[in-house]
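A short write-up of the structure that comes next.
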Amino acid sequence: MRPRKHRIGFLGAGNMATALAGGMISSGVCKPSDILASDTDVSKLEAIKKSLRVDVSVSNARLISSSKTILIAVKPQQAR
């Protein structure tokens, strides 16, 4: 899968990712369709999808292959 022109991937879908993505959307930097978030916690994915209408995935590989820019939004102890 080729990356979208300006697709932004959030590795992690918790509070930090939600705040950053929400700010980007509300300021007009990007549209919800330009954002993909991945997380191992399905409840976090459901919450960010519902609140911001962004695309979500449990697959980090999908996020990496379909995003031009990747923001790491996980706690340091979860980065591994």
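By order of appearance in the structure tokens: chains A, B, ..., then residues from 1 within every chain, and ligands from 1 in the order shown.
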
Worksheet item: Which polymer residues have any atom within 10 Å of an atom of region 44-52 of chain A, counting only C-alpha atoms, with same-chain residues fewer than 4 positions away left out, as JSON, numbers by chain?
Response: {"A": [12, 13, 14, 15, 17, 18, 19, 21, 22, 25, 26, 31, 32, 33, 35, 36, 37, 38, 39, 40, 56, 57, 58]}

Those selected residues, please, written with C-alpha atoms and delivered as an mmCIF file, in the first residue's frame.
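After the write, again_39.cif holds the following:
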data_model
loop_
_atom_site.group_PDB
_atom_site.id
_atom_site.type_symbol
_atom_site.label_atom_id
_atom_site.label_comp_id
_atom_site.auth_asym_id
_atom_site.auth_seq_id
_atom_site.Cartn_x
_atom_site.Cartn_y
_atom_site.Cartn_z
ATOM 1 C CA GLY A 12 -0.629 5.084 20.074
ATOM 2 C CA ALA A 13 -4.195 6.345 20.444
ATOM 3 C CA GLY A 14 -4.265 7.610 24.014
ATOM 4 C CA ASN A 15 -4.622 11.083 25.478
ATOM 5 C CA ALA A 17 -2.469 11.284 20.319
ATOM 6 C CA THR A 18 -6.075 12.393 20.756
ATOM 7 C CA ALA A 19 -5.018 15.889 21.819
ATOM 8 C CA ALA A 21 -4.794 14.903 16.308
ATOM 9 C CA GLY A 22 -7.736 16.920 17.604
ATOM 10 C CA ILE A 25 -8.043 18.783 12.805
ATOM 11 C CA SER A 26 -9.606 21.767 14.580
ATOM 12 C CA LYS A 31 -8.771 16.406 7.883
ATOM 13 C CA PRO A 32 -9.817 13.331 9.886
ATOM 14 C CA SER A 33 -9.339 11.244 6.745
ATOM 15 C CA ILE A 35 -5.025 10.575 10.112
ATOM 16 C CA LEU A 36 -4.505 6.929 11.054
ATOM 17 C CA ALA A 37 -4.022 5.795 14.655
ATOM 18 C CA SER A 38 -2.837 2.403 15.855
ATOM 19 C CA ASP A 39 -2.911 0.927 19.341
ATOM 20 C CA THR A 40 -3.041 -2.440 21.050
ATOM 21 C CA VAL A 56 -7.804 3.266 13.200
ATOM 22 C CA SER A 57 -5.901 -0.014 13.145
ATOM 23 C CA VAL A 58 -4.460 -2.554 15.550
#

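The interatomic distance for the pair CA of Ile64 (chain A) and CA of Gly23 (chain A) works out to 21.8 Å.
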
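The two atoms in question, CA of Met16 (chain A) and CA of Ile72 (chain A), are spaced 9.6 Å apart.
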
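Take the candidates A:Leu11, A:Gln77, A:His6, A:Ser43 and check each one against Asn60 (chain A) using only C-alpha atoms; the shortest distance goes to A:Leu11.
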
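Minimum distance to Asp41 (chain A) across A:Ile8, A:Ser27, A:Leu20, A:Ser59 (counting only C-alpha atoms) occurs at A:Ser59.
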